[in-house]
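Asker: Input file: input_18.pdb. Contents: PDB, C-alpha atoms.
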```
ATOM      1  CA  MET A 925      17.854   6.925  10.898
ATOM      2  CA  ASP A 926      21.454   7.924  10.027
ATOM      3  CA  ILE A 927      21.836   4.691   8.060
ATOM      4  CA  ILE A 928      18.759   5.567   6.017
ATOM      5  CA  VAL A 929      20.054   9.058   5.301
ATOM      6  CA  GLU A 930      23.462   7.680   4.263
ATOM      7  CA  ARG A 931      21.788   5.089   2.028
ATOM      8  CA  LEU A 932      19.625   7.792   0.435
ATOM      9  CA  ASP A 933      22.624  10.056  -0.137
ATOM     10  CA  ALA A 934      24.565   7.243  -1.818
ATOM     11  CA  LEU A 935      21.662   6.254  -4.058
ATOM     12  CA  ASN A 936      20.893   9.864  -4.906
ATOM     13  CA  ALA A 937      24.529  10.586  -5.847
ATOM     14  CA  GLU A 938      24.447   7.617  -8.207
ATOM     15  CA  ALA A 939      21.162   8.756  -9.725
ATOM     16  CA  ARG A 940      22.222  12.381 -10.409
ATOM     17  CA  SER A 941      23.527  11.586 -13.873
ATOM     18  CA  LYS A 942      20.039  10.498 -14.994
ATOM     19  CA  TYR A 943      18.558  13.989 -14.712
ATOM     20  CA  THR A 944      18.526  16.967 -17.029
ATOM     21  CA  SER A 945      18.523  20.493 -15.666
ATOM     22  CA  ARG A 946      14.707  20.690 -16.031
ATOM     23  CA  GLU A 947      13.962  17.469 -14.168
ATOM     24  CA  THR A 948      13.606  17.111 -10.438
ATOM     25  CA  THR A 949      16.932  16.053  -8.986
ATOM     26  CA  PRO A 950      17.287  14.114  -5.748
ATOM     27  CA  GLU A 951      18.683  17.276  -4.121
ATOM     28  CA  VAL A 952      15.640  19.307  -5.150
ATOM     29  CA  PHE A 953      13.278  16.564  -4.010
ATOM     30  CA  TRP A 954      14.839  16.029  -0.579
ATOM     31  CA  SER A 955      15.076  19.805  -0.016
ATOM     32  CA  HIS A 956      11.257  19.729   0.268
ATOM     33  CA  VAL A 957      11.315  17.150   3.055
ATOM     34  CA  ASP A 958      11.338  17.783   6.809
ATOM     35  CA  ARG A 959      13.194  14.766   8.221
ATOM     36  CA  THR A 960      12.538  15.542  11.879
ATOM     37  CA  GLY A 961      10.433  12.848  13.474
ATOM     38  CA  SER A 962       9.457   9.376  12.378
ATOM     39  CA  CYS A 963       7.402  10.576   9.422
ATOM     40  CA  TRP A 964       9.363  12.657   6.933
ATOM     41  CA  THR A 965       6.931  15.394   5.964
ATOM     42  CA  TRP A 966       6.677  16.701   2.414
ATOM     43  CA  THR A 967       6.789  20.516   2.594
ATOM     44  CA  GLY A 968       6.238  21.185  -1.117
ATOM     45  CA  ARG A 969       3.001  21.303  -3.098
ATOM     46  CA  THR A 970       0.176  19.005  -1.919
ATOM     47  CA  ASP A 971      -3.182  17.920  -3.305
ATOM     48  CA  ASP A 972      -6.555  18.222  -1.563
ATOM     49  CA  SER A 973      -5.950  14.938   0.288
ATOM     50  CA  GLY A 974      -2.602  16.094   1.679
ATOM     51  CA  TYR A 975      -0.391  13.948  -0.568
ATOM     52  CA  GLY A 976       2.752  15.656  -1.847
ATOM     53  CA  ARG A 977       2.897  16.309  -5.603
ATOM     54  CA  ILE A 978       5.943  16.981  -7.787
ATOM     55  CA  GLY A 979       7.117  16.630 -11.369
ATOM     56  CA  PHE A 980       9.413  13.651 -11.904
ATOM     57  CA  GLN A 981      10.860  11.867 -14.926
ATOM     58  CA  ARG A 982       8.733  13.652 -17.490
ATOM     59  CA  HIS A 983       5.573  13.223 -15.394
ATOM     60  CA  GLN A 984       4.122  16.517 -14.190
ATOM     61  CA  ASN A 985       2.040  15.507 -11.172
ATOM     62  CA  VAL A 986       3.487  12.531  -9.284
ATOM     63  CA  GLY A 987       2.852  11.560  -5.666
ATOM     64  CA  ALA A 988       5.879  12.636  -3.614
ATOM     65  CA  HIS A 989       5.804   9.330  -1.740
ATOM     66  CA  ARG A 990       6.147   7.486  -5.084
ATOM     67  CA  VAL A 991       9.148   9.649  -5.960
ATOM     68  CA  ALA A 992      10.681   8.935  -2.529
ATOM     69  CA  TRP A 993      10.278   5.226  -3.238
ATOM     70  CA  ALA A 994      11.855   5.609  -6.678
ATOM     71  CA  LEU A 995      14.820   7.624  -5.400
ATOM     72  CA  THR A 996      15.434   5.141  -2.604
ATOM     73  CA  HIS A 997      15.014   1.855  -4.460
ATOM     74  CA  ALA A 998      15.104   1.795  -8.228
ATOM     75  CA  GLY A 999      15.566   5.285  -9.605
ATOM     76  CA  VAL A1000      12.398   4.902 -11.673
ATOM     77  CA  LEU A1001       8.757   5.162 -10.710
ATOM     78  CA  PRO A1002       7.286   1.778  -9.837
ATOM     79  CA  ALA A1003       4.367   0.388 -11.789
ATOM     80  CA  GLU A1004       2.862  -0.810  -8.495
ATOM     81  CA  TRP A1005       1.036   1.190  -5.852
ATOM     82  CA  VAL A1006       3.088   2.727  -3.020
ATOM     83  CA  PRO A1007       0.881   2.701   0.113
ATOM     84  CA  HIS A1008       1.877   4.197   3.490
ATOM     85  CA  ARG A1009       2.279   2.033   6.596
ATOM     86  CA  CYS A1010       1.884   5.169   8.706
ATOM     87  CA  ASP A1011      -1.346   6.450   7.054
ATOM     88  CA  ASN A1012       0.154   9.938   6.910
ATOM     89  CA  PRO A1013      -0.377  11.341   3.369
ATOM     90  CA  PRO A1014       2.502  13.871   3.401
ATOM     91  CA  CYS A1015       4.990  11.287   4.717
ATOM     92  CA  VAL A1016       7.787  10.376   2.290
ATOM     93  CA  ASN A1017       9.918   8.277   4.653
ATOM     94  CA  PRO A1018      10.881   5.255   2.509
ATOM     95  CA  ASP A1019      10.688   3.000   5.579
ATOM     96  CA  HIS A1020       6.984   3.877   5.886
ATOM     97  CA  LEU A1021       6.218   2.894   2.283
ATOM     98  CA  PHE A1022       5.680  -0.476   0.623
ATOM     99  CA  LEU A1023       4.897  -1.735  -2.856
ATOM    100  CA  GLY A1024       1.573  -3.382  -3.563
ATOM    101  CA  ASP A1025      -1.452  -3.407  -5.823
ATOM    102  CA  ALA A1026      -5.005  -2.125  -5.389
ATOM    103  CA  THR A1027      -5.940  -5.255  -3.440
ATOM    104  CA  ASP A1028      -3.035  -4.781  -1.033
ATOM    105  CA  ASN A1029      -3.979  -1.132  -0.567
ATOM    106  CA  ASN A1030      -7.642  -2.005   0.092
ATOM    107  CA  ARG A1031      -6.690  -4.785   2.506
ATOM    108  CA  ASP A1032      -4.350  -2.432   4.385
ATOM    109  CA  ARG A1033      -7.084   0.237   4.578
ATOM    110  CA  GLN A1034      -9.639  -2.249   5.866
ATOM    111  CA  GLN A1035      -7.272  -3.715   8.478
ATOM    112  CA  LYS A1036      -6.662  -0.201   9.776
ATOM    113  CA  GLY A1037     -10.390   0.533   9.999
ATOM    114  CA  ARG A1038     -10.414   3.237   7.313
ATOM    115  CA  THR A1039     -12.822   1.520   4.900
ATOM    116  CA  ARG A1040     -15.768   3.646   3.804
ATOM    117  CA  GLY A1041     -19.027   2.400   2.406
ATOM    118  CA  TRP A1042     -20.222  -1.177   2.311
ATOM    119  CA  ALA A1043     -16.894  -3.038   2.226
ATOM    120  CA  GLY A1044     -16.149  -4.716   5.515
ATOM    121  CA  LEU A1045     -19.283  -3.562   7.340
ATOM    122  CA  ALA A1046     -22.120  -5.590   8.788
ATOM    123  CA  GLU A1047     -25.527  -4.799   7.276
ATOM    124  CA  ALA A1048     -26.708  -2.876  10.312
ATOM    125  CA  GLU A1049     -23.605  -0.634  10.200
ATOM    126  CA  HIS A1050     -23.996   0.412   6.574
ATOM    127  CA  HIS A1051     -25.163   4.012   6.207
ATOM    128  CA  SER A1052     -27.683   3.259   3.463
ATOM    129  CA  PHE A1053     -29.002  -0.051   4.768
ATOM    130  CA  LYS A1054     -32.712   0.475   5.322
ATOM    131  CA  VAL A1055     -34.390  -2.916   5.291
ATOM    132  CA  SER A1056     -33.600  -6.509   6.113
ATOM    133  CA  ALA A1057     -33.226  -9.110   3.393
ATOM    134  CA  ASP A1058     -36.514 -10.647   4.591
ATOM    135  CA  LEU A1059     -38.385  -7.374   4.127
ATOM    136  CA  ALA A1060     -36.828  -6.917   0.690
ATOM    137  CA  ALA A1061     -38.061 -10.396  -0.264
ATOM    138  CA  ARG A1062     -41.577  -9.583   1.006
ATOM    139  CA  MET A1063     -41.560  -6.349  -1.005
ATOM    140  CA  SER A1064     -40.590  -8.326  -4.092
ATOM    141  CA  SER A1065     -43.464 -10.729  -3.442
ATOM    142  CA  MET A1066     -45.873  -7.804  -3.062
ATOM    143  CA  ARG A1067     -44.748  -6.448  -6.450
ATOM    144  CA  ASP A1068     -45.159  -9.894  -8.037
ATOM    145  CA  SER A1069     -48.713  -9.947  -6.639
ATOM    146  CA  GLY A1070     -49.539  -6.701  -8.442
ATOM    147  CA  ALA A1071     -48.852  -4.051  -5.779
ATOM    148  CA  THR A1072     -47.501  -0.731  -7.025
ATOM    149  CA  GLN A1073     -44.400   0.908  -5.580
ATOM    150  CA  LYS A1074     -46.689   3.439  -3.909
ATOM    151  CA  ASP A1075     -48.721   0.594  -2.319
ATOM    152  CA  ILE A1076     -45.522  -1.057  -1.067
ATOM    153  CA  SER A1077     -44.254   2.282   0.243
ATOM    154  CA  ASN A1078     -47.497   2.913   2.147
ATOM    155  CA  ALA A1079     -47.502  -0.646   3.570
ATOM    156  CA  THR A1080     -43.880  -0.618   4.722
ATOM    157  CA  GLY A1081     -43.267   3.031   5.582
ATOM    158  CA  ILE A1082     -40.275   3.099   3.249
ATOM    159  CA  SER A1083     -40.011   5.933   0.721
ATOM    160  CA  ARG A1084     -41.192   5.156  -2.793
ATOM    161  CA  GLY A1085     -37.760   6.011  -4.179
ATOM    162  CA  HIS A1086     -36.071   3.528  -1.867
ATOM    163  CA  VAL A1087     -38.728   0.888  -2.659
ATOM    164  CA  SER A1088     -37.873   1.404  -6.331
ATOM    165  CA  LYS A1089     -34.158   0.880  -5.670
ATOM    166  CA  ILE A1090     -34.818  -2.248  -3.635
ATOM    167  CA  LEU A1091     -37.033  -3.734  -6.337
ATOM    168  CA  ARG A1092     -34.458  -2.929  -9.034
ATOM    169  CA  GLY A1093     -31.631  -4.597  -7.051
ATOM    170  CA  GLN A1094     -29.732  -1.381  -6.345
ATOM    171  CA  THR A1095     -29.464  -1.715  -2.562
ATOM    172  CA  VAL A1096     -27.601  -3.966  -0.194
ATOM    173  CA  ALA A1097     -30.705  -5.783   1.010
ATOM    174  CA  SER A1098     -32.147  -6.439  -2.443
ATOM    175  CA  ARG A1099     -28.975  -8.150  -3.662
ATOM    176  CA  LYS A1100     -29.815 -11.066  -1.411
ATOM    177  CA  VAL A1101     -33.269 -11.459  -2.954
ATOM    178  CA  ALA A1102     -32.278 -12.242  -6.529
TER     179      ALA A1102
END
```
Give the structure from the file, written as structure tokens.

Answerer:
Amino acid sequence: MDIIVERLDALNAEARSKYTSRETTPEVFWSHVDRTGSCWTWTGRTDDSGYGRIGFQRHQNVGAHRVAWALTHAGVLPAEWVPHRCDNPPCVNPDHLFLGDATDNNRDRQQKGRTRGWAGLAEAEHHSFKVSADLAARMSSMRDSGATQKDISNATGISRGHVSKILRGQTVASRKVA
């Protein structure tokens, strides 16, 4: 960890000349960081999700982890995403961060089992999955034969509102019908 701190100090000293008195300097930034432990915890302002927020390079509300990346690597904010390897939102340890895009971030989230919603889940695990693809197909056939949504609801025991969504292709099961 001493090597990281030395590397940060050297890079930050070099970067000092880029800042005006109103901009966040490396000294100001790192003064808001608790470096005890593996994760370096941001102690400044945070958002509702726990990510650190700070003004940096004329931007008023930047993720502290993005600023840590910038101060450690390039001196400017990256255009790419800066996900955490440690999954700890207030962590600004540059060794816990990596550059990527939305796909990389989503893949990382899924591999760590933090994916919400449909992505990566089997049908039976999805919170809104109500019917099998076979039942959705039968419901579609009933509609094509002249049954109303109310008739289909009464025959299947599924709410009329959900029958409507299935028939309009707005549910997981109905997407397999079309």

Asker: Taking all atoms listed in the file into account, name the residue in A:Pro1014, A:Asp1058, A:Leu1091, A:Asp1025 that is nearest to Thr1072 of chain A.

Answerer: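 Residue with the minimum atom-to-atom distance to Thr1072 of chain A: A:Leu1091.
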
Asker: Against segment 959-965 of chain A, which residues of segment 999-1032 of chain A fall within 9 Å? For each one I want the closest pair of atoms and the distance in Å (one decimal), counting only C-alpha atoms, rows by chain and increasing residue number, as JSON lines.

Answerer:
```
{"residue": "A:Cys1010", "atom": "CA", "partner": "A:Cys963", "partner_atom": "CA", "distance": 7.8}
{"residue": "A:Asn1012", "atom": "CA", "partner": "A:Cys963", "partner_atom": "CA", "distance": 7.7}
{"residue": "A:Pro1013", "atom": "CA", "partner": "A:Thr965", "partner_atom": "CA", "distance": 8.8}
{"residue": "A:Pro1014", "atom": "CA", "partner": "A:Thr965", "partner_atom": "CA", "distance": 5.3}
{"residue": "A:Cys1015", "atom": "CA", "partner": "A:Thr965", "partner_atom": "CA", "distance": 4.7}
{"residue": "A:Val1016", "atom": "CA", "partner": "A:Trp964", "partner_atom": "CA", "distance": 5.4}
{"residue": "A:Asn1017", "atom": "CA", "partner": "A:Trp964", "partner_atom": "CA", "distance": 5.0}
{"residue": "A:Pro1018", "atom": "CA", "partner": "A:Trp964", "partner_atom": "CA", "distance": 8.8}
{"residue": "A:His1020", "atom": "CA", "partner": "A:Cys963", "partner_atom": "CA", "distance": 7.6}
```

Asker: Under the PyMOL selection byres ((chain A and resi 983-1000) around 8), which residues of this model are included? Write them out as a list in words.

Answerer: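 With the shown file as input, the PyMOL selection byres ((chain A and resi 983-1000) around 8) matches Arg931, Leu932, Leu935, Asn936, Ala939, Pro950, Trp966, Tyr975, Gly976, Arg977, Ile978, Gly979, Phe980, Gln981, Arg982, Leu1001, Pro1002, Val1006, Pro1014, Cys1015, Val1016, Asn1017, Pro1018 and Leu1021 of chain A.
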
Asker: So which one's closest to Gln1035 of chain A, A:Trp954, A:Arg1084, A:Arg1009, A:Ser1077? Using all atoms listed in the file, please.

Answerer: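 Residue with the minimum atom-to-atom distance to Gln1035 of chain A: A:Arg1009.
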
Asker: Report as a count of residues only the residues that result from applying the PyMOL selection byres ((chain A and resi 1026) around 12) to the structure here.

Answerer: 15

Asker: Starting from the displayed file, determine the output of the PyMOL selection byres ((chain A and resi 1063) around 12) and express the residue list as number ranges by chain.

Answerer: A: 1055-1062, 1064-1082, 1084, 1086-1093, 1097-1098, 1101

Asker: Between atom CA of Gly974 of chain A and atom CA of His956 of chain A, measure the distance and give it in Å to one decimal.

Answerer: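 Computing it gives 14.4 Å between the two atoms.
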
Asker: Enter the distance from atom CA of His1008 of chain A to atom CA of Ser973 of chain A, in Å, rounded to one decimal.

Answerer: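 The value is 13.7 Å.
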
Asker: Return the padded bounding box of segment 1057-1070 of chain A as JSON: axis-aligned, built from all atoms listed in the file, 4 Å added on each side, with centre and edge lengths in Å to one decimal.

Answerer:
```
{"center_x": -41.4, "center_y": -8.5, "center_z": -1.9, "size_x": 24.3, "size_y": 12.4, "size_z": 21.0}
```

Asker: Quick check, in Å to one decimal: how far apart do atom CA of Asp1011 of chain A and atom CA of Asp972 of chain A lie?

Answerer: 15.5 Å

Asker: Of the candidates A:Ile927, A:Gly1037, A:Asp1019, A:Arg969, which shows the shortest atom-to-atom distance to Val957 of chain A, using all atoms listed in the file?

Answerer: A:Arg969

Asker: Have segment 964-999 of chain A completed to N, CA and C atoms, please, and pass it along as an mmCIF file, in the coordinates of the input.

Answerer:
```
data_model
loop_
_atom_site.group_PDB
_atom_site.id
_atom_site.type_symbol
_atom_site.label_atom_id
_atom_site.label_comp_id
_atom_site.auth_asym_id
_atom_site.auth_seq_id
_atom_site.Cartn_x
_atom_site.Cartn_y
_atom_site.Cartn_z
ATOM 1 N N TRP A 964 8.665 11.580 7.626
ATOM 2 C CA TRP A 964 9.363 12.657 6.933
ATOM 3 C C TRP A 964 8.308 13.405 6.129
ATOM 4 N N THR A 965 8.044 14.633 6.518
ATOM 5 C CA THR A 965 6.931 15.394 5.964
ATOM 6 C C THR A 965 7.318 16.151 4.701
ATOM 7 N N TRP A 966 6.509 15.974 3.654
ATOM 8 C CA TRP A 966 6.677 16.701 2.414
ATOM 9 C C TRP A 966 6.235 18.138 2.653
ATOM 10 N N THR A 967 7.099 19.107 2.362
ATOM 11 C CA THR A 967 6.789 20.516 2.594
ATOM 12 C C THR A 967 6.492 21.260 1.297
ATOM 13 N N GLY A 968 6.552 20.568 0.174
ATOM 14 C CA GLY A 968 6.238 21.185 -1.117
ATOM 15 C C GLY A 968 4.743 21.174 -1.385
ATOM 16 N N ARG A 969 4.403 21.250 -2.664
ATOM 17 C CA ARG A 969 3.001 21.303 -3.098
ATOM 18 C C ARG A 969 2.267 20.018 -2.705
ATOM 19 N N THR A 970 1.010 20.158 -2.281
ATOM 20 C CA THR A 970 0.176 19.005 -1.919
ATOM 21 C C THR A 970 -1.161 19.091 -2.645
ATOM 22 N N ASP A 971 -1.844 17.937 -2.718
ATOM 23 C CA ASP A 971 -3.182 17.920 -3.305
ATOM 24 C C ASP A 971 -4.210 18.091 -2.190
ATOM 25 N N ASP A 972 -5.484 18.016 -2.545
ATOM 26 C CA ASP A 972 -6.555 18.222 -1.563
ATOM 27 C C ASP A 972 -6.577 17.170 -0.466
ATOM 28 N N SER A 973 -5.985 16.009 -0.718
ATOM 29 C CA SER A 973 -5.950 14.938 0.288
ATOM 30 C C SER A 973 -4.698 14.994 1.150
ATOM 31 N N GLY A 974 -3.806 15.939 0.884
ATOM 32 C CA GLY A 974 -2.602 16.094 1.679
ATOM 33 C C GLY A 974 -1.385 15.360 1.150
ATOM 34 N N TYR A 975 -1.524 14.652 0.021
ATOM 35 C CA TYR A 975 -0.391 13.948 -0.568
ATOM 36 C C TYR A 975 0.500 14.944 -1.303
ATOM 37 N N GLY A 976 1.818 14.810 -1.142
ATOM 38 C CA GLY A 976 2.752 15.656 -1.847
ATOM 39 C C GLY A 976 2.698 15.394 -3.340
ATOM 40 N N ARG A 977 2.914 16.420 -4.142
ATOM 41 C CA ARG A 977 2.897 16.309 -5.603
ATOM 42 C C ARG A 977 4.131 17.000 -6.152
ATOM 43 N N ILE A 978 4.755 16.405 -7.163
ATOM 44 C CA ILE A 978 5.943 16.981 -7.787
ATOM 45 C C ILE A 978 6.105 16.393 -9.187
ATOM 46 N N GLY A 979 6.772 17.146 -10.048
ATOM 47 C CA GLY A 979 7.117 16.630 -11.369
ATOM 48 C C GLY A 979 8.325 15.717 -11.249
ATOM 49 N N PHE A 980 8.305 14.607 -11.997
ATOM 50 C CA PHE A 980 9.413 13.651 -11.904
ATOM 51 C C PHE A 980 9.461 12.806 -13.162
ATOM 52 N N GLN A 981 10.627 12.704 -13.745
ATOM 53 C CA GLN A 981 10.860 11.867 -14.926
ATOM 54 C C GLN A 981 9.796 12.059 -16.001
ATOM 55 N N ARG A 982 9.646 13.269 -16.416
ATOM 56 C CA ARG A 982 8.733 13.652 -17.490
ATOM 57 C C ARG A 982 7.251 13.533 -17.124
ATOM 58 N N HIS A 983 6.956 13.217 -15.883
ATOM 59 C CA HIS A 983 5.573 13.223 -15.394
ATOM 60 C C HIS A 983 5.389 14.505 -14.598
ATOM 61 N N GLN A 984 4.284 15.207 -14.802
ATOM 62 C CA GLN A 984 4.122 16.517 -14.190
ATOM 63 C C GLN A 984 3.512 16.499 -12.794
ATOM 64 N N ASN A 985 2.794 15.475 -12.420
ATOM 65 C CA ASN A 985 2.040 15.507 -11.172
ATOM 66 C C ASN A 985 2.113 14.141 -10.488
ATOM 67 N N VAL A 986 3.244 13.844 -9.877
ATOM 68 C CA VAL A 986 3.487 12.531 -9.284
ATOM 69 C C VAL A 986 3.395 12.640 -7.766
ATOM 70 N N GLY A 987 2.880 11.601 -7.118
ATOM 71 C CA GLY A 987 2.852 11.560 -5.666
ATOM 72 C C GLY A 987 4.281 11.599 -5.115
ATOM 73 N N ALA A 988 4.532 12.497 -4.168
ATOM 74 C CA ALA A 988 5.879 12.636 -3.614
ATOM 75 C C ALA A 988 6.337 11.337 -2.960
ATOM 76 N N HIS A 989 5.414 10.593 -2.368
ATOM 77 C CA HIS A 989 5.804 9.330 -1.740
ATOM 78 C C HIS A 989 6.276 8.322 -2.801
ATOM 79 N N ARG A 990 5.696 8.361 -3.993
ATOM 80 C CA ARG A 990 6.147 7.486 -5.084
ATOM 81 C C ARG A 990 7.553 7.871 -5.541
ATOM 82 N N VAL A 991 7.817 9.182 -5.580
ATOM 83 C CA VAL A 991 9.148 9.649 -5.960
ATOM 84 C C VAL A 991 10.160 9.243 -4.886
ATOM 85 N N ALA A 992 9.777 9.353 -3.610
ATOM 86 C CA ALA A 992 10.681 8.935 -2.529
ATOM 87 C C ALA A 992 11.025 7.460 -2.690
ATOM 88 N N TRP A 993 10.030 6.654 -3.022
ATOM 89 C CA TRP A 993 10.278 5.226 -3.238
ATOM 90 C C TRP A 993 11.256 5.029 -4.404
ATOM 91 N N ALA A 994 11.005 5.742 -5.493
ATOM 92 C CA ALA A 994 11.855 5.609 -6.678
ATOM 93 C C ALA A 994 13.292 6.025 -6.373
ATOM 94 N N LEU A 995 13.473 7.140 -5.705
ATOM 95 C CA LEU A 995 14.820 7.624 -5.400
ATOM 96 C C LEU A 995 15.559 6.681 -4.448
ATOM 97 N N THR A 996 14.821 6.012 -3.599
ATOM 98 C CA THR A 996 15.434 5.141 -2.604
ATOM 99 C C THR A 996 15.722 3.744 -3.139
ATOM 100 N N HIS A 997 14.895 3.257 -4.056
ATOM 101 C CA HIS A 997 15.014 1.855 -4.460
ATOM 102 C C HIS A 997 15.499 1.637 -5.893
ATOM 103 N N ALA A 998 14.818 2.196 -6.850
ATOM 104 C CA ALA A 998 15.104 1.795 -8.228
ATOM 105 C C ALA A 998 15.537 2.942 -9.135
ATOM 106 N N GLY A 999 15.261 4.157 -8.744
ATOM 107 C CA GLY A 999 15.566 5.285 -9.605
ATOM 108 C C GLY A 999 14.489 5.585 -10.624
#
```
